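Peer 1: I have a structure here, written as structure tokens, and I will follow up with some questions on it.
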Amino acid sequence: AELALAVVLSATLGLAIAVAVPYSSMLGWKEATLREVRYLTHNTCFWAAIWIATFFVFYQWIVPVVIKVRPDTLCQCPDEKVALTRELLRRCLFGSRLLCAAAVVMVWLSVIVINFVWVFACFQLMLLVYGIGRGKRDRVGNVKTWSDVQHHFVQIKTECFPALSLCLLSKHNQMLLWNWFIKSLYEDWLLDYDEHLALQITFRPLDKDEAVRWELDEVEKGIKYSNPLFIRPPRNQEAFRRIIYFLWSLQAIRSRNRAEEWSEGAERGYFRRANRILAMPSVTLLTPCAAEPVVYGIQELVNPYHKGEVNSGRHPKITGLEYLACIYGDEWENFVNWLKKYLKENKDLGAHPSLLRQTHHQMLQMLLEEDQRILSNEFVVLQVRLWASMHGQTLVRLIKGIMQWRYGLELLASLENEALPVPQRLDEDQLAQVTATKFQFVIAHQLFNSKAAQAQTKDVNTLFATPALGLHRWDLVYPDDNGKFRSLCRRWQDERILHVDRPGPLRPNDPFPTEPKAENQNHAIPFVMGQVIGVMDMNQCASLEDSFKLPFLLQRYFSPPVRTLEKAFGAKDLVSSEVVPPYRVVGFGEWQYTRDLSMVGEVAGQAEFCFTTIHQRVCRWPLRARLHYGHPDFMDGYWVRSRGGLSHANHLVNTAEDVFLGYEVVGRGERIEYVEWLQVQKGKESAIGPAFLFEKKLAQAAAQQMRSRDIYYLNQSSNAFVKMGMFFGTYGFFIYNTLMAVSIHLYIMAMVFFSLAGVTNHDLGINQSSLAVPWLFQVGFLFSFPLIVEGSVQKGIVASLLHFIKTLPFGLLYHLFQLQTKAAYFIEGLVRGKGGYIATQRGFGLDHLNFVEIYSTYAGSHIHPAINLFSWVLLYGSYSNLTMSEIYLRSLFMVIVVVCWIGAPIIFNPYPTMDHLMKDVEEMLSWLRNPLPEVRDIAFLLFEEHKRRDVLRGKPGSSRPEVTTKTLREWVAGQRTRSWMAWYVGDNLLGPWGDEEQWFSIAGLAFQKAVLAFLSYAPWLMFTYWACPSFTGSLWYAVPMVSYVLFFGILELGLPHLHEYFNILKLYIPALAISLAMLYIYNWRVKLAEVFFNVLFYVLLYAMGVDGMVSGWNFYVKIKSWWTRSKFTAKGFVTSPRTPQTEDAVWFDRLSIPRFFFDIQRVYPVVALTMFTLLNGLICLGNHSLTALMFSPAVAHAWDRAATKALAPKTPALPRKLPTSPAVPSTAGPSSTTSSSSSSS
């Protein structure tokens, strides 16, 4: 009670100080001093509450639970005083001492994990509390519903519009601004024509005797302005969201508009507020891109075949265009209505008369059937392609959004110009020149004019050459390394080509790899003209209404205060802190526009939504730990140019290159700001495969951050508050996820060992229940609570809970799957130093993944750990002394984890059918059976392949391939989808050892192999050893197995030239071994159960020995290579650097290990195939309902129609060439899941 009273009093005093200090400016303190006092006060309260709550829970609940779990109290043989046989005594001592002691150690390790989980849970709880307070202070979610729009529209329009610019004090200008916003929604096909008219503000001259009767009507200068009634909300949810957000963001701007600017009586202050465009700093938006699609091609949009292959042997799938029309049904209808209206008004476009009578459903069907009445019209085809591209992650979508920002600045500039006195007004040319000098958009295209991006190059050139599209007003930066390393800039205004020489290539690939995105950004910096640099990813998009807020943001955070403009340069009373911008980086929010595409996009968007709102809100204040995450941030251009660029470019350490800019800012004592009243849209991964690759890259990047010098310097120079904020706000999240995944194994292993040792549930008390605490916090704090809280702030508690319940099952499945993704690859990054750029696919993920692709992608990270975990669960169920109901309750979460780790790729696989299931099983069985030739056979196959290629080209003997490491790697990589042995050799034998050189990484890899071997084999070895009644008697089973292994080992290694002569012995040796074993079983009357356990025991020993031998072989090859390159000289022991010849030798040595040892590893894919088949068979029973939940009911019906189509003909004709618009050529389509693209950090 005394402790609780002290905690309450301390918290009350701290909160009182935290509330009182912001209002203490009346004491005359300087602003910087007040800011630091507030920072220290809030952080003291924040972290004190976390650590006090942690200590209280740990001391009051956790310690009393586990303090009695000790070996001397639990690990006692119950039959010590009874005369036992030697065998029973051995088993008793083994169970009571070894297994029980191991279980006690795992319990205490679990306690450590639980304590850390509780610390992170307290951090999340405080984050939610502060996030709500900061959100309400910033007016987040003040407008939530359509009734709020009705009640507050007039007030917001009157009071908040002038905060953007004083020219908006005029009712007429307010009307123009709002109508421009509504028109942009209509032009984005979010509103139909009637909704567009209903939401506009109308005006007319006021009659002489007319009186204003409606409270929504306003009068100014004899003009009556009728505000919209807002009777019905728009059908489109995106239009509804944008209207709601625009209104409450204006309230947030008004709350941020400090008294300093409004109370400033100087003429310069008024000029700034009345002329936002003229007075704002110039800004440049920079976007790096590589091989992303520019505009979707019509062939890709209407292609119904699996992965675009006519002879894939699978049912046709839903096309990309039909999928988009089903997801965005109202937008497709609005688009078709607009298109018919436009064609009717412009008859010179030559549209077929029947098109004007088609409904939106009929128009879609004509496109899918490749009707020439619609495909022969280039204008219609172009508009369809643009509509589809505006709903995917394409470059043209970003360009259109940025062009809307430019257009919005031009509109605001025209309003401000009209508000000036007539002599001071600018003409149209001068106004256009002002906008051009204030706003620049630069695209840094890394592959422009290269062979790898010919289609993208053609599309970009066409956009420049077609001003009618309005998508050409941006500058293009690209490398030109033909003979001389140069960076070129193609300006849109005068078509001039500017160039800057570079000392070397951009080096995105071998032999000097770098981080491609960072290098691409940095080489474009010389062509950036703005005082402020904004970074936009290629998969982002902007909207018109946010352009009206842009001048306010730039003036507020990057312009010097008004009071300093009256002082002369060099004046004594002019200090640098008043002139230098207070923030070097200003970030703003995002909205994930891919949330409507699929359930994966929805749950991934929910996680990103929480991160970009409540998490960054609190990291900005009071933690001051908000960094740059690759999101759309604005940066001080001078600071960026004088610090070496936007980010570092090491391809391993700087995998997440954007966050290092934040480390640089914090390390130099600068600050980062975050606002929520400005927002862009961003695309996320909408399929489980790309989402997995993205989380994999982030986990490896977090591991690389921990070994960076930036983190080292921050920990050496920062205070305790900054250290804790950085830890919990960045890589601490991945450490937490890793410990969560580890604790799952610790929990089940401890329970199994206690059961085998004979420790009952009564002996443990409540320990077993207490160990389940971490996963409750995992599900609650990481997924549920932040989403519910932030959703309640912005939408209301009822709407937030309903949306959360709708996505709960799939969200749990997705987040538990990604929990293991983060843990597996974070450990891999720490142990092996693994990292680097990973290209994620930004298509729609409509192609069905077969079992081979699923297993080969997720085997090491998810499937094998899930099978091992399930083995522990089976062992616990077999030897536990509990009832079945108790076993079920205690192991329920483990079973859920196994289902999530194995089943997530199956459940999220698009439209499962029995046809796909049978085809997948057939392909995986063939994959398991196909062998991988030996090295000498691979060389012969390569020679024959090149010879056949020469004959087909009519040039026999023109090429003779040299068998090198590169050719062998390419050939083995090409076989990984055809042969299990090729996949195993490439990913498990060669992959983990291919890029290691330093000794610490080899030691880490050995540790990783040892842990994986323990998790894989320990449960079954202990199970079989415990079940065997006699160990010495079981040695008879080892004799045939050892003879079998020795025979084939001598045959493979010592006598390879006699291999074919000993083929007959391959039958005799197993027959002899089986005969001897049967003779022993018959003579000694051995039970079948004992035979099974004994055989299983030695099979597991053999498998573990094979893994150890493979690891030992790789160690031997690595040490051999190091020893051959080392020698003693007068200077000491010197090791020469690696050369291509030494690398070839290492690779050949690794590949020469005998293959027959690996056959035991086929157990994993066989077990996985069984689980895949059972789970997929259950899913196929309800595939329509699952597809409706995963996508939408319309998509489910469309997929049913596609599944009824006949398979592709055996001898299909060549597909008819569809016309493409000369304005925008076709590029990579949305249905392609293998298109390479850069990933957003």
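Every chain in the structure tokens takes a letter, A first, then B, and so on in the order presented; its residues are numbered from 1, and the ligands are numbered from 1 following the presented order.
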Extract, using only C-alpha atoms, all DNA, RNA and protein residues at most 9 Å from Phe734 of chain A, discarding same-chain residues fewer than 4 positions from it, and format them as a PyMOL selection string.

Peer 2: chain A and resi 699+702-703+730+738-739+819+822-823+826

Peer 1: Leaving out Asn482 of chain A and any residue of its chain fewer than 2 positions from it, which residues lie within 12 Å of it when counting only C-alpha atoms, given as JSON, numbers by chain?

Peer 2: {"A": [449, 450, 479, 480, 484, 485, 486, 487, 504, 505]}

Peer 1: Would you pick out the contacts of Arg70 of chain A at 8 Å or less, using only C-alpha atoms, so that residues sharing its chain but fewer than 4 positions from it are not included, and give the list as JSON, numbers by chain?

Peer 2: {"A": [74, 75, 104]}

Peer 1: Filtering to C-alpha atoms, could you give me those residues as a short mmCIF file (atom, residue, chain, number, x, y, z; two decimals), in the first residue's frame?

Peer 2:
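Generated file (again.cif):
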data_model
loop_
_atom_site.label_atom_id
_atom_site.label_comp_id
_atom_site.auth_asym_id
_atom_site.auth_seq_id
_atom_site.Cartn_x
_atom_site.Cartn_y
_atom_site.Cartn_z
CA LEU A 74 11.56 -30.00 -8.28
CA CYS A 75 14.25 -32.20 -9.77
CA VAL A 104 14.01 -24.90 -14.97
#

Peer 1: Tell me, as a list in words, which residues lie within 10 Å of Ala351 of chain A, counting only C-alpha atoms; anything in the same chain fewer than 2 positions away does not count.

Peer 2: Lys340, Leu343, Lys344, Asn346, Lys347, Asp348, Leu349, Pro353, Ser354, Leu355, Leu356, Arg373, Ile374, Ser376, Asn377, Glu378, Phe379 and Val380 of chain A

Peer 1: Just checking: using only C-alpha atoms, which residue out of A:His862, A:Gln679, A:Ala518, A:Glu685 ends up closest to Val659 of chain A?

Peer 2: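 Checking each candidate against Val659 of chain A, we get A:Ala518 as the closest.
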
Peer 1: Can you list, as number ranges by chain, every residue of segment 715-884 of chain A that DSSP puts in alpha helix (DSSP H)?

Peer 2: A: 715-717, 720-729, 732-756, 761-764, 767-770, 773-779, 785-795, 797-832, 851-858, 864-879, 884

Peer 1: From the set A:Arg272, A:His651, A:His745, A:Lys157, which residue has the shortest atom-to-atom contact distance to Phe870 of chain A, counting only C-alpha atoms?

Peer 2: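 Using only C-alpha atoms, Phe870 of chain A sits closest to A:His745.
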
Peer 1: Just want the 8 Å neighbourhood of Ile744 of chain A, counted on only C-alpha atoms, with same-chain residues fewer than 4 positions away dropped. Output as a VMD selection string.

Peer 2: chain A and resid 740 748 894

Peer 1: Write the selection just made, keeping all heavy atoms, as a PDB file, in the first residue's frame?

Peer 2:
ATOM      1  N   MET A 740       9.764 -12.690 -28.694  1.00  0.00           N
ATOM      2  CA  MET A 740       8.446 -13.315 -28.688  1.00  0.00           C
ATOM      3  C   MET A 740       8.487 -14.672 -29.370  1.00  0.00           C
ATOM      4  O   MET A 740       7.947 -15.666 -28.860  1.00  0.00           O
ATOM      5  CB  MET A 740       7.445 -12.398 -29.397  1.00  0.00           C
ATOM      6  CG  MET A 740       6.991 -11.211 -28.597  1.00  0.00           C
ATOM      7  SD  MET A 740       6.115 -11.650 -27.095  1.00  0.00           S
ATOM      8  CE  MET A 740       4.950 -12.829 -27.741  1.00  0.00           C
ATOM      9  N   ILE A 748       7.066 -24.242 -24.759  1.00  0.00           N
ATOM     10  CA  ILE A 748       6.672 -25.624 -25.029  1.00  0.00           C
ATOM     11  C   ILE A 748       7.774 -26.593 -24.633  1.00  0.00           C
ATOM     12  O   ILE A 748       7.499 -27.696 -24.143  1.00  0.00           O
ATOM     13  CB  ILE A 748       6.268 -25.777 -26.521  1.00  0.00           C
ATOM     14  CG1 ILE A 748       5.621 -27.139 -26.765  1.00  0.00           C
ATOM     15  CG2 ILE A 748       7.461 -25.569 -27.427  1.00  0.00           C
ATOM     16  CD1 ILE A 748       4.344 -27.352 -25.997  1.00  0.00           C
ATOM     17  N   MET A 894      -0.085 -22.721 -29.295  1.00  0.00           N
ATOM     18  CA  MET A 894       0.980 -23.294 -30.106  1.00  0.00           C
ATOM     19  C   MET A 894       0.441 -23.830 -31.426  1.00  0.00           C
ATOM     20  O   MET A 894       1.063 -23.667 -32.480  1.00  0.00           O
ATOM     21  CB  MET A 894       1.672 -24.424 -29.335  1.00  0.00           C
ATOM     22  CG  MET A 894       2.251 -23.985 -28.026  1.00  0.00           C
ATOM     23  SD  MET A 894       3.487 -22.698 -28.249  1.00  0.00           S
ATOM     24  CE  MET A 894       3.496 -21.967 -26.633  1.00  0.00           C
TER      25      MET A 894
END

Peer 1: Of the candidates A:Glu292, A:Asp188, A:Glu416, A:Glu545, which one gets nearest to Val460 of chain A if we count only C-alpha atoms?

Peer 2: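 Of A:Glu292, A:Asp188, A:Glu416, A:Glu545, the one nearest Val460 of chain A, counting only C-alpha atoms, is A:Glu292.
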
Peer 1: Check the smallest atom-to-atom distance from each of A:Arg204, A:Lys1120, A:Glu195, A:Leu1151 to Leu932 of chain A using only C-alpha atoms, then report the winner.

Peer 2: A:Leu1151

Peer 1: Do you know which residues are at most 7 Å from segment 602-614 of chain A counting only C-alpha atoms, after dropping those on the same chain fewer than 6 positions away, and could you put them as a compact mmCIF listing (two decimals) with N, CA, C and O atoms, in the first residue's frame?

Peer 2:
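Listing of part_12.txt after writing:
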# COMPACT_ATOMS: atom_id res chain seq x y z
N GLY A 131 -0.48 9.50 -27.11
CA GLY A 131 -0.99 9.67 -28.48
C GLY A 131 -2.38 10.24 -28.52
O GLY A 131 -2.70 11.08 -29.37
N GLY A 589 1.89 12.72 -42.71
CA GLY A 589 1.25 11.41 -42.68
C GLY A 589 1.05 10.79 -44.03
O GLY A 589 1.30 11.37 -45.09
N GLU A 590 0.56 9.56 -43.96
CA GLU A 590 0.27 8.77 -45.16
C GLU A 590 -1.07 8.06 -44.99
O GLU A 590 -1.50 7.77 -43.88
N TRP A 591 -1.67 7.79 -46.12
CA TRP A 591 -2.86 6.93 -46.16
C TRP A 591 -2.60 5.86 -47.21
O TRP A 591 -2.23 6.15 -48.33
N GLN A 592 -2.80 4.61 -46.84
CA GLN A 592 -2.48 3.48 -47.71
C GLN A 592 -3.64 3.22 -48.67
O GLN A 592 -4.69 2.71 -48.25
N ARG A 595 -5.37 -0.50 -49.34
CA ARG A 595 -6.13 -1.24 -48.32
C ARG A 595 -7.38 -1.87 -48.90
O ARG A 595 -7.90 -2.85 -48.35
N ASP A 596 -7.91 -1.32 -50.00
CA ASP A 596 -9.13 -1.87 -50.59
C ASP A 596 -8.86 -3.05 -51.51
O ASP A 596 -9.80 -3.73 -51.91
N LYS A 684 0.97 -0.07 -50.50
CA LYS A 684 1.63 -1.14 -49.76
C LYS A 684 1.44 -2.45 -50.51
O LYS A 684 0.75 -2.53 -51.52
N PRO A 786 -3.41 -0.37 -30.37
CA PRO A 786 -3.10 0.85 -31.16
C PRO A 786 -4.11 1.10 -32.27
O PRO A 786 -4.49 2.25 -32.51
N LEU A 787 -4.55 0.04 -32.94
CA LEU A 787 -5.51 0.21 -34.02
C LEU A 787 -6.85 0.70 -33.50
O LEU A 787 -7.46 1.61 -34.06
N GLU A 790 -6.40 4.52 -32.11
CA GLU A 790 -6.27 5.54 -33.16
C GLU A 790 -7.52 5.57 -34.04
O GLU A 790 -7.93 6.65 -34.49
N GLY A 811 -6.21 -10.57 -39.47
CA GLY A 811 -5.14 -9.79 -38.86
C GLY A 811 -4.29 -10.62 -37.93
O GLY A 811 -3.05 -10.50 -37.92

Peer 1: Using only C-alpha atoms, pick whichever of A:Tyr663, A:Phe893, A:Tyr557, A:Tyr328 has the shortest atom-to-atom distance to His648 of chain A.

Peer 2: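 Looking only at the distances to His648 of chain A, the closest residue turns out to be A:Tyr663.
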
Peer 1: Under the rule that only C-alpha atoms are counted, which of A:Ile497, A:Leu1072, A:Trp1147, A:Ala49 is the nearest residue to Thr967 of chain A?

Peer 2: A:Trp1147
